[in-house]
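Enquirer: First the structure, which I've put down as structure tokens, then a few questions once you've had a look.
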Amino acid sequence: MLPRALLPGLRPGLLPAAAAAAAMSSATGTFSLQQPLNYRAGARVQPADGGHSEEVHEPATGRVIGKFLCSGEKEIDLAVQSAKAAFKIWSQKSGMERSRVLLEAARIIREQRDEIAKMETINNGKSIFEARVDVDISWQSLEYYAGLAGSLAGQHIQLPGGCFAYTRREPLGVCVGIGAWNYPFQIACWKSAPALACGNAMIYKPSPLTPISAVMLAEIFSKAGVPKGLFNVVQGGAATGQFLCHHPDVAKVSFTGSVPTGIKIMEMSAKGVKPVTLELGGKSPLIIFSDCVLENAVKGALMANFLTQGEVCCNGTRVFVQREILDTFTKEVVKRTQKIKIGDPLLEDTRMGALISQPHLERVQGFIKQAKEQGAKVLCGGNLYVPDDPKLKNGYYMQPCVLGNCRDDMTCVKEEIFGPVMSILPFDTEEEAVERANNTPFGLAGGVFTRDIQRAHRVVAALQAGMCFINNYNISPVELPFGGYKMSGFGRENGKAAMEYYSQLKTVCVEMGDVESVF
């Protein structure tokens, strides 16, 4: 998601497009992974044990760019012990001391912005334009929590007879972050920034599809001055995640990903009574009323569906359009969708890169095929896309798709596709739109476009969703709490609220007189 200050056309300091494109384009299809991807006790390491290796792909070309070993139980224990040792040092520092380190890490991220963004694009497939915005959001997250680190405090409570009590806001210990592949570096920062600001250590497991940039963050933290072991990175899939959730010295698990995996994370963590934060999937509604500013509503619908190739959990993929403007809105959305530039994600003018993997591309294609079988009409796109550049011929590209003639009972309307597929649904009344919008097990986000400010507030108050937008969509400044309702998870990332999920409250009762006993 994008912060307002970094929307297209508002960001200064870019290279001239032609020069930047020439500089970047030669890198596609050339990167080869050389270094270990685990990070423990301040250094890149190969895991001490592991069951098997995983290939790492470049989505833009389909090329294998390297392999890594999945971490086994022994490696997880070594990472935990390293983090425990670092936690003893870090947790004793003042908030201001932690703040200075986080600010230095933010500075280094700004300094390495282009390098990180380039690596994110190579490993994830999103456009370099979006990847740079992700990196900017990342350093902003560290700066924001650096500002909050020194404000972590408790409360004084006066009691009768001169007695009193106070509370202490204390860190949890070794926290685990398990990330998703759509925003690899950004999610790692979203989890680690509040965790470290509160005095915790973190072991981070990125998605096996995007293992590279989290290790870059670990190196940045080390360079900024965190104790060795405070932010460790382990690689692997489900088995590695199980070892993390079951480890007795892990105090908390924060997970971003699918609902089925989130349920498993919660089950495993429950055996150790570990608190969890779950940021899961969504099938969010975007409600377009006839009195909207049509230009803004069209832009909002594109933002709600096609960022990062549509691979965004809070996307507003169910676009409810009031019948009076259905044809006009649909025509304009289709026209602009057809103009989206697809291709080499390292080129400056590309606005849609490659999907994450071949299996995922096939899954999205399967949803479109099923939608047509169930009566939906493909208004544009939906086909595989082969760029002209021969080195991209095996990449995972498709044309962004707009579906019309949709019904609420269609699979494409009910299930999360996680690809560039927008479903347009007509509605007549406000009450109808709200009822249909809430008719889903998910509750991550929702949006409304209208000139009627009373209606806008009334509708978002009725939406069963954790993140709502009025006259915009997918804008997510780090100051705002982010998280879902219902099957979309619980707990919050970003904003001051996240501090509560990475800390615990201790109450201290102080007697100033003699003890009165009933015995």
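Here, A, B, ... name the chains of the structure tokens in the order displayed, residue numbers run from 1 inside each chain, and ligands are numbered from 1 in the same displayed order.
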So which residues touch Tyr502 of chain A within 10 Å, counting only C-alpha atoms, skipping near sequence neighbours fewer than 6 positions away, as a list in words?

Expert: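 Near Tyr502 of chain A, the qualifying residues are Arg169, Glu170, Pro171, Leu172, Gly173, Cys175, Lys191, Ser192, Pro194, Ala195, Leu196, Ala197, Cys198, Gly199, Asn200, Ala251, Lys252, Val253, Ser254, Pro275, Val276, Thr277 and Glu493 of chain A.
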
Enquirer: Counting only C-alpha atoms, what is within 10 Å of Gln140 of chain A, bar same-chain residues fewer than 6 positions away, as number ranges by chain?

Expert: A: 3, 103, 106-107, 109-110, 134, 146, 189-190, 193, 477-479

Enquirer: Go ahead and write the selection's residues with C-alpha atoms as a CSV table (one decimal), in the first residue's frame.

Expert:
```
chain,number,residue,atom,x,y,z
A,3,PRO,CA,1.4,6.5,1.7
A,103,LEU,CA,16.9,6.1,13.6
A,106,ALA,CA,16.2,4.1,9.1
A,107,ARG,CA,19.0,6.3,7.8
A,109,ILE,CA,17.7,2.1,4.6
A,110,ARG,CA,17.3,5.5,3.0
A,134,ASP,CA,7.8,0.0,-0.2
A,146,ALA,CA,12.0,5.3,17.1
A,189,CYS,CA,10.0,-3.6,9.0
A,190,TRP,CA,6.4,-3.4,10.1
A,193,ALA,CA,10.2,-1.8,14.3
A,477,PRO,CA,0.6,5.7,6.5
A,478,VAL,CA,2.6,4.0,9.3
A,479,GLU,CA,0.8,6.1,11.9
```

Enquirer: Just want the 8 Å neighbourhood of Val459 of chain A, counted on only C-alpha atoms, with same-chain residues fewer than 4 positions away dropped. Output as a list of chain:residue names.

Expert: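 Selected residues are A:Glu430, A:Val434, A:Val448, A:Arg455, A:Leu463.
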
Enquirer: Env of segment 410-420 of chain A: 10 Å cut, atoms = only C-alpha atoms, seq-sep filter 3 positions within chain, self excluded. Answer as a ChimeraX atom specification.

Expert: /A:182,258,281-285,302,304-315,317-319,352,355-356,360-361,363-376,381-382,398-403,406-407,423-425,439-442

Enquirer: So that I can check the secondary structure, give me every residue of segment 254-431 of chain A assigned strand (DSSP E or B) by backbone DSSP, as a VMD selection string.

Expert: chain A and resid 254 to 256 276 to 279 285 to 288 318 to 322 342 352 377 to 380 384 398 401 to 404 421 to 427

Enquirer: I want to know what sits within 12 Å of Val273 of chain A, based on only C-alpha atoms, with residues of the same chain fewer than 6 positions away left out; could you give that as a ChimeraX atom specification?

Expert: /A:245-253,265-267

Enquirer: Which residue gives the smallest distance to Tyr166 of chain A among A:Gly447, A:Ala153, A:Tyr473, A:Arg98, with only C-alpha atoms counted?

Expert: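 Once distances to Tyr166 of chain A are computed over only C-alpha atoms, the minimum belongs to A:Ala153.
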
Enquirer: May I have the residues within 10 Å of Ala60 of chain A as an mmCIF file with all heavy atoms, in the first residue's frame, using only C-alpha atoms and disregarding those fewer than 2 positions away in the same chain?

Expert:
```cif
data_model
loop_
_atom_site.group_PDB
_atom_site.id
_atom_site.type_symbol
_atom_site.label_atom_id
_atom_site.label_comp_id
_atom_site.auth_asym_id
_atom_site.auth_seq_id
_atom_site.Cartn_x
_atom_site.Cartn_y
_atom_site.Cartn_z
ATOM 1 N N THR A 28 17.867 -7.089 -15.263
ATOM 2 C CA THR A 28 16.894 -8.178 -15.285
ATOM 3 C C THR A 28 17.502 -9.414 -15.935
ATOM 4 O O THR A 28 18.066 -9.349 -17.021
ATOM 5 C CB THR A 28 15.621 -7.747 -16.059
ATOM 6 O OG1 THR A 28 15.073 -6.599 -15.427
ATOM 7 C CG2 THR A 28 14.591 -8.856 -16.071
ATOM 8 N N GLY A 29 17.392 -10.520 -15.239
ATOM 9 C CA GLY A 29 17.912 -11.770 -15.775
ATOM 10 C C GLY A 29 19.388 -12.005 -15.549
ATOM 11 O O GLY A 29 19.970 -12.936 -16.118
ATOM 12 N N HIS A 57 13.338 -18.027 -7.272
ATOM 13 C CA HIS A 57 13.092 -17.647 -8.654
ATOM 14 C C HIS A 57 13.064 -16.131 -8.827
ATOM 15 O O HIS A 57 12.791 -15.385 -7.890
ATOM 16 C CB HIS A 57 11.760 -18.226 -9.138
ATOM 17 C CG HIS A 57 11.769 -19.705 -9.315
ATOM 18 N ND1 HIS A 57 11.614 -20.585 -8.259
ATOM 19 C CD2 HIS A 57 11.934 -20.476 -10.423
ATOM 20 C CE1 HIS A 57 11.658 -21.829 -8.708
ATOM 21 N NE2 HIS A 57 11.855 -21.790 -10.016
ATOM 22 N N GLU A 58 13.307 -15.716 -10.054
ATOM 23 C CA GLU A 58 13.093 -14.335 -10.482
ATOM 24 C C GLU A 58 11.804 -14.334 -11.298
ATOM 25 O O GLU A 58 11.789 -14.825 -12.434
ATOM 26 C CB GLU A 58 14.265 -13.853 -11.332
ATOM 27 C CG GLU A 58 14.102 -12.425 -11.831
ATOM 28 C CD GLU A 58 15.263 -11.998 -12.716
ATOM 29 O OE1 GLU A 58 15.744 -12.813 -13.523
ATOM 30 O OE2 GLU A 58 15.677 -10.824 -12.603
ATOM 31 N N GLY A 62 11.363 -16.064 -14.791
ATOM 32 C CA GLY A 62 11.151 -17.472 -14.483
ATOM 33 C C GLY A 62 12.432 -18.208 -14.162
ATOM 34 O O GLY A 62 12.437 -19.427 -13.932
ATOM 35 N N ARG A 63 13.531 -17.487 -14.103
ATOM 36 C CA ARG A 63 14.854 -18.064 -13.899
ATOM 37 C C ARG A 63 15.081 -18.440 -12.439
ATOM 38 O O ARG A 63 14.659 -17.724 -11.533
ATOM 39 C CB ARG A 63 15.890 -17.007 -14.318
ATOM 40 C CG ARG A 63 17.223 -17.493 -14.802
ATOM 41 C CD ARG A 63 17.992 -16.303 -15.385
ATOM 42 N NE ARG A 63 17.995 -15.184 -14.452
ATOM 43 C CZ ARG A 63 18.970 -14.946 -13.580
ATOM 44 N NH1 ARG A 63 20.006 -15.756 -13.504
ATOM 45 N NH2 ARG A 63 18.904 -13.901 -12.778
ATOM 46 N N THR A 121 12.443 -6.118 -6.296
ATOM 47 C CA THR A 121 11.839 -6.315 -7.609
ATOM 48 C C THR A 121 12.316 -7.612 -8.250
ATOM 49 O O THR A 121 11.520 -8.365 -8.820
ATOM 50 C CB THR A 121 12.174 -5.115 -8.520
ATOM 51 O OG1 THR A 121 11.512 -3.957 -8.017
ATOM 52 C CG2 THR A 121 11.734 -5.365 -9.952
ATOM 53 N N ILE A 122 13.599 -7.897 -8.155
ATOM 54 C CA ILE A 122 14.139 -9.126 -8.731
ATOM 55 C C ILE A 122 13.499 -10.353 -8.094
ATOM 56 O O ILE A 122 13.137 -11.318 -8.778
ATOM 57 C CB ILE A 122 15.677 -9.159 -8.560
ATOM 58 C CG1 ILE A 122 16.328 -8.123 -9.488
ATOM 59 C CG2 ILE A 122 16.233 -10.550 -8.835
ATOM 60 C CD1 ILE A 122 17.804 -7.922 -9.230
ATOM 61 N N ASN A 123 13.314 -10.333 -6.792
ATOM 62 C CA ASN A 123 12.820 -11.517 -6.078
ATOM 63 C C ASN A 123 11.299 -11.605 -6.028
ATOM 64 O O ASN A 123 10.736 -12.694 -5.918
ATOM 65 C CB ASN A 123 13.389 -11.532 -4.662
ATOM 66 C CG ASN A 123 13.250 -12.863 -3.956
ATOM 67 O OD1 ASN A 123 13.414 -12.966 -2.741
ATOM 68 N ND2 ASN A 123 12.942 -13.927 -4.684
ATOM 69 N N ASN A 124 10.613 -10.443 -6.131
ATOM 70 C CA ASN A 124 9.151 -10.433 -5.999
ATOM 71 C C ASN A 124 8.418 -10.243 -7.320
ATOM 72 O O ASN A 124 7.309 -10.753 -7.492
ATOM 73 C CB ASN A 124 8.735 -9.331 -5.011
ATOM 74 C CG ASN A 124 7.244 -9.061 -5.010
ATOM 75 O OD1 ASN A 124 6.765 -8.260 -5.812
ATOM 76 N ND2 ASN A 124 6.500 -9.737 -4.147
ATOM 77 N N GLY A 125 8.991 -9.499 -8.251
ATOM 78 C CA GLY A 125 8.358 -9.281 -9.548
ATOM 79 C C GLY A 125 7.607 -7.976 -9.677
ATOM 80 O O GLY A 125 7.181 -7.617 -10.775
ATOM 81 N N LYS A 126 7.419 -7.231 -8.568
ATOM 82 C CA LYS A 126 6.697 -5.958 -8.649
ATOM 83 C C LYS A 126 7.550 -4.899 -9.323
ATOM 84 O O LYS A 126 8.785 -5.031 -9.419
ATOM 85 C CB LYS A 126 6.255 -5.484 -7.272
ATOM 86 C CG LYS A 126 7.387 -5.076 -6.343
ATOM 87 C CD LYS A 126 6.849 -4.471 -5.057
ATOM 88 C CE LYS A 126 6.070 -5.451 -4.229
ATOM 89 N NZ LYS A 126 5.430 -4.835 -3.052
ATOM 90 N N SER A 127 6.920 -3.830 -9.788
ATOM 91 C CA SER A 127 7.649 -2.776 -10.486
ATOM 92 C C SER A 127 8.630 -2.078 -9.552
ATOM 93 O O SER A 127 8.390 -1.968 -8.350
ATOM 94 C CB SER A 127 6.670 -1.748 -11.070
ATOM 95 O OG SER A 127 6.098 -0.962 -10.027
ATOM 96 N N GLY A 343 5.290 -5.443 -18.019
ATOM 97 C CA GLY A 343 6.576 -5.819 -18.593
ATOM 98 C C GLY A 343 7.687 -5.895 -17.569
ATOM 99 O O GLY A 343 7.455 -6.158 -16.384
ATOM 100 N N ASP A 344 8.891 -5.646 -18.050
ATOM 101 C CA ASP A 344 10.099 -5.733 -17.234
ATOM 102 C C ASP A 344 9.937 -4.853 -15.987
ATOM 103 O O ASP A 344 9.856 -3.631 -16.085
ATOM 104 C CB ASP A 344 11.292 -5.262 -18.063
ATOM 105 C CG ASP A 344 12.626 -5.468 -17.349
ATOM 106 O OD1 ASP A 344 12.630 -5.587 -16.104
ATOM 107 O OD2 ASP A 344 13.667 -5.510 -18.035
ATOM 108 N N PRO A 345 9.888 -5.450 -14.799
ATOM 109 C CA PRO A 345 9.628 -4.649 -13.599
ATOM 110 C C PRO A 345 10.750 -3.692 -13.227
ATOM 111 O O PRO A 345 10.537 -2.781 -12.428
ATOM 112 C CB PRO A 345 9.413 -5.702 -12.509
ATOM 113 C CG PRO A 345 10.096 -6.922 -13.010
ATOM 114 C CD PRO A 345 10.001 -6.889 -14.497
ATOM 115 N N LEU A 346 11.937 -3.853 -13.813
ATOM 116 C CA LEU A 346 13.029 -2.934 -13.517
ATOM 117 C C LEU A 346 13.042 -1.717 -14.433
ATOM 118 O O LEU A 346 13.899 -0.838 -14.283
ATOM 119 C CB LEU A 346 14.380 -3.663 -13.583
ATOM 120 C CG LEU A 346 14.720 -4.542 -12.374
ATOM 121 C CD1 LEU A 346 16.065 -5.220 -12.555
ATOM 122 C CD2 LEU A 346 14.710 -3.735 -11.085
ATOM 123 N N GLY A 353 4.290 -5.682 -12.985
ATOM 124 C CA GLY A 353 5.334 -6.650 -13.266
ATOM 125 C C GLY A 353 4.779 -8.065 -13.330
ATOM 126 O O GLY A 353 3.655 -8.299 -13.789
ATOM 127 N N ALA A 354 5.568 -9.008 -12.839
ATOM 128 C CA ALA A 354 5.207 -10.419 -12.906
ATOM 129 C C ALA A 354 4.603 -10.892 -11.589
ATOM 130 O O ALA A 354 4.955 -10.399 -10.519
ATOM 131 C CB ALA A 354 6.452 -11.255 -13.221
ATOM 132 N N LEU A 355 3.678 -11.855 -11.685
ATOM 133 C CA LEU A 355 3.151 -12.482 -10.482
ATOM 134 C C LEU A 355 4.251 -13.315 -9.828
ATOM 135 O O LEU A 355 5.293 -13.581 -10.423
ATOM 136 C CB LEU A 355 1.928 -13.345 -10.802
ATOM 137 C CG LEU A 355 0.591 -12.579 -10.835
ATOM 138 C CD1 LEU A 355 0.518 -11.638 -12.031
ATOM 139 C CD2 LEU A 355 -0.597 -13.538 -10.869
ATOM 140 N N ILE A 356 4.028 -13.760 -8.623
ATOM 141 C CA ILE A 356 5.097 -14.311 -7.792
ATOM 142 C C ILE A 356 5.646 -15.644 -8.302
ATOM 143 O O ILE A 356 6.827 -15.922 -8.152
ATOM 144 C CB ILE A 356 4.623 -14.453 -6.316
ATOM 145 C CG1 ILE A 356 5.791 -14.824 -5.399
ATOM 146 C CG2 ILE A 356 3.491 -15.471 -6.222
ATOM 147 C CD1 ILE A 356 6.879 -13.783 -5.294
ATOM 148 N N SER A 357 4.806 -16.500 -8.902
ATOM 149 C CA SER A 357 5.269 -17.830 -9.295
ATOM 150 C C SER A 357 4.371 -18.405 -10.378
ATOM 151 O O SER A 357 3.247 -17.940 -10.595
ATOM 152 C CB SER A 357 5.275 -18.780 -8.085
ATOM 153 O OG SER A 357 3.940 -19.054 -7.661
ATOM 154 N N PRO A 387 5.872 -10.549 -22.811
ATOM 155 C CA PRO A 387 6.547 -9.313 -23.228
ATOM 156 C C PRO A 387 7.384 -9.537 -24.489
ATOM 157 O O PRO A 387 7.760 -10.666 -24.822
ATOM 158 C CB PRO A 387 7.437 -8.973 -22.020
ATOM 159 C CG PRO A 387 6.830 -9.708 -20.867
ATOM 160 C CD PRO A 387 6.258 -10.964 -21.451
ATOM 161 N N LYS A 391 14.116 -12.252 -23.074
ATOM 162 C CA LYS A 391 14.563 -12.748 -21.775
ATOM 163 C C LYS A 391 13.415 -12.825 -20.767
ATOM 164 O O LYS A 391 13.556 -13.429 -19.701
ATOM 165 C CB LYS A 391 15.700 -11.897 -21.213
ATOM 166 C CG LYS A 391 15.313 -10.489 -20.797
ATOM 167 C CD LYS A 391 16.553 -9.702 -20.377
ATOM 168 C CE LYS A 391 16.198 -8.254 -20.068
ATOM 169 N NZ LYS A 391 17.392 -7.433 -19.790
ATOM 170 N N LEU A 392 12.267 -12.226 -21.110
ATOM 171 C CA LEU A 392 11.111 -12.239 -20.222
ATOM 172 C C LEU A 392 10.064 -13.282 -20.636
ATOM 173 O O LEU A 392 9.006 -13.367 -20.008
ATOM 174 C CB LEU A 392 10.447 -10.855 -20.188
ATOM 175 C CG LEU A 392 11.344 -9.655 -19.862
ATOM 176 C CD1 LEU A 392 10.534 -8.359 -19.946
ATOM 177 C CD2 LEU A 392 11.973 -9.803 -18.485
ATOM 178 N N LYS A 393 10.347 -14.069 -21.645
ATOM 179 C CA LYS A 393 9.313 -14.949 -22.216
ATOM 180 C C LYS A 393 8.825 -16.022 -21.246
ATOM 181 O O LYS A 393 7.714 -16.525 -21.377
ATOM 182 C CB LYS A 393 9.821 -15.597 -23.503
ATOM 183 C CG LYS A 393 10.971 -16.582 -23.297
ATOM 184 C CD LYS A 393 11.394 -17.209 -24.622
ATOM 185 C CE LYS A 393 12.523 -18.227 -24.394
ATOM 186 N NZ LYS A 393 12.919 -18.877 -25.671
ATOM 187 N N ASN A 394 9.648 -16.373 -20.268
ATOM 188 C CA ASN A 394 9.244 -17.384 -19.283
ATOM 189 C C ASN A 394 8.791 -16.771 -17.958
ATOM 190 O O ASN A 394 8.638 -17.474 -16.959
ATOM 191 C CB ASN A 394 10.388 -18.372 -19.033
ATOM 192 C CG ASN A 394 10.709 -19.206 -20.257
ATOM 193 O OD1 ASN A 394 9.808 -19.650 -20.967
ATOM 194 N ND2 ASN A 394 11.995 -19.408 -20.523
ATOM 195 N N GLY A 395 8.591 -15.446 -17.947
ATOM 196 C CA GLY A 395 8.124 -14.775 -16.742
ATOM 197 C C GLY A 395 6.647 -15.033 -16.491
ATOM 198 O O GLY A 395 5.912 -15.545 -17.350
ATOM 199 N N TYR A 396 6.184 -14.642 -15.302
ATOM 200 C CA TYR A 396 4.822 -14.986 -14.865
ATOM 201 C C TYR A 396 3.885 -13.782 -15.030
ATOM 202 O O TYR A 396 3.417 -13.195 -14.056
ATOM 203 C CB TYR A 396 4.851 -15.445 -13.407
ATOM 204 C CG TYR A 396 5.984 -16.398 -13.089
ATOM 205 C CD1 TYR A 396 6.799 -16.190 -11.976
ATOM 206 C CD2 TYR A 396 6.256 -17.499 -13.895
ATOM 207 C CE1 TYR A 396 7.843 -17.051 -11.672
ATOM 208 C CE2 TYR A 396 7.297 -18.377 -13.606
ATOM 209 C CZ TYR A 396 8.096 -18.134 -12.493
ATOM 210 O OH TYR A 396 9.126 -18.987 -12.199
ATOM 211 N N TYR A 397 3.606 -13.422 -16.268
ATOM 212 C CA TYR A 397 2.839 -12.216 -16.558
ATOM 213 C C TYR A 397 1.412 -12.543 -16.997
ATOM 214 O O TYR A 397 1.159 -13.558 -17.651
ATOM 215 C CB TYR A 397 3.504 -11.420 -17.682
ATOM 216 C CG TYR A 397 4.916 -10.979 -17.398
ATOM 217 C CD1 TYR A 397 6.004 -11.750 -17.806
ATOM 218 C CD2 TYR A 397 5.173 -9.789 -16.731
ATOM 219 C CE1 TYR A 397 7.307 -11.349 -17.559
ATOM 220 C CE2 TYR A 397 6.474 -9.371 -16.476
ATOM 221 C CZ TYR A 397 7.535 -10.161 -16.896
ATOM 222 O OH TYR A 397 8.817 -9.759 -16.645
#
```

Enquirer: Tell me which of A:Glu111, A:Leu278, A:Pro47, A:Glu130 sits closest to Leu347 of chain A, counting only C-alpha atoms.

Expert: A:Glu130

Enquirer: For Ala83 of chain A, please output as a list of chain:residue names all residues within 9 Å (counting only C-alpha atoms; exclusion window: fewer than 6 positions along the same chain).

Expert: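 Here the qualifying residues turn out to be A:Arg40, A:Ala41, A:Gly173, A:Val174, A:Ala201, A:Met202, A:Ile203, A:Lys228, A:Gly229, A:Leu230, A:Phe231, A:Asn232.
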
Enquirer: For the atom pair atom CA of Asn383 of chain A and atom CA of Ser207 of chain A, what is the interatomic distance in Å to one decimal place?

Expert: 27.1 Å

Enquirer: Measure the distance from atom CA of Ile453 of chain A to atom CA of Gly466 of chain A in Å and round it to one decimal.

Expert: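 Atom CA of Gly466 of chain A lies 19.8 Å from atom CA of Ile453 of chain A.
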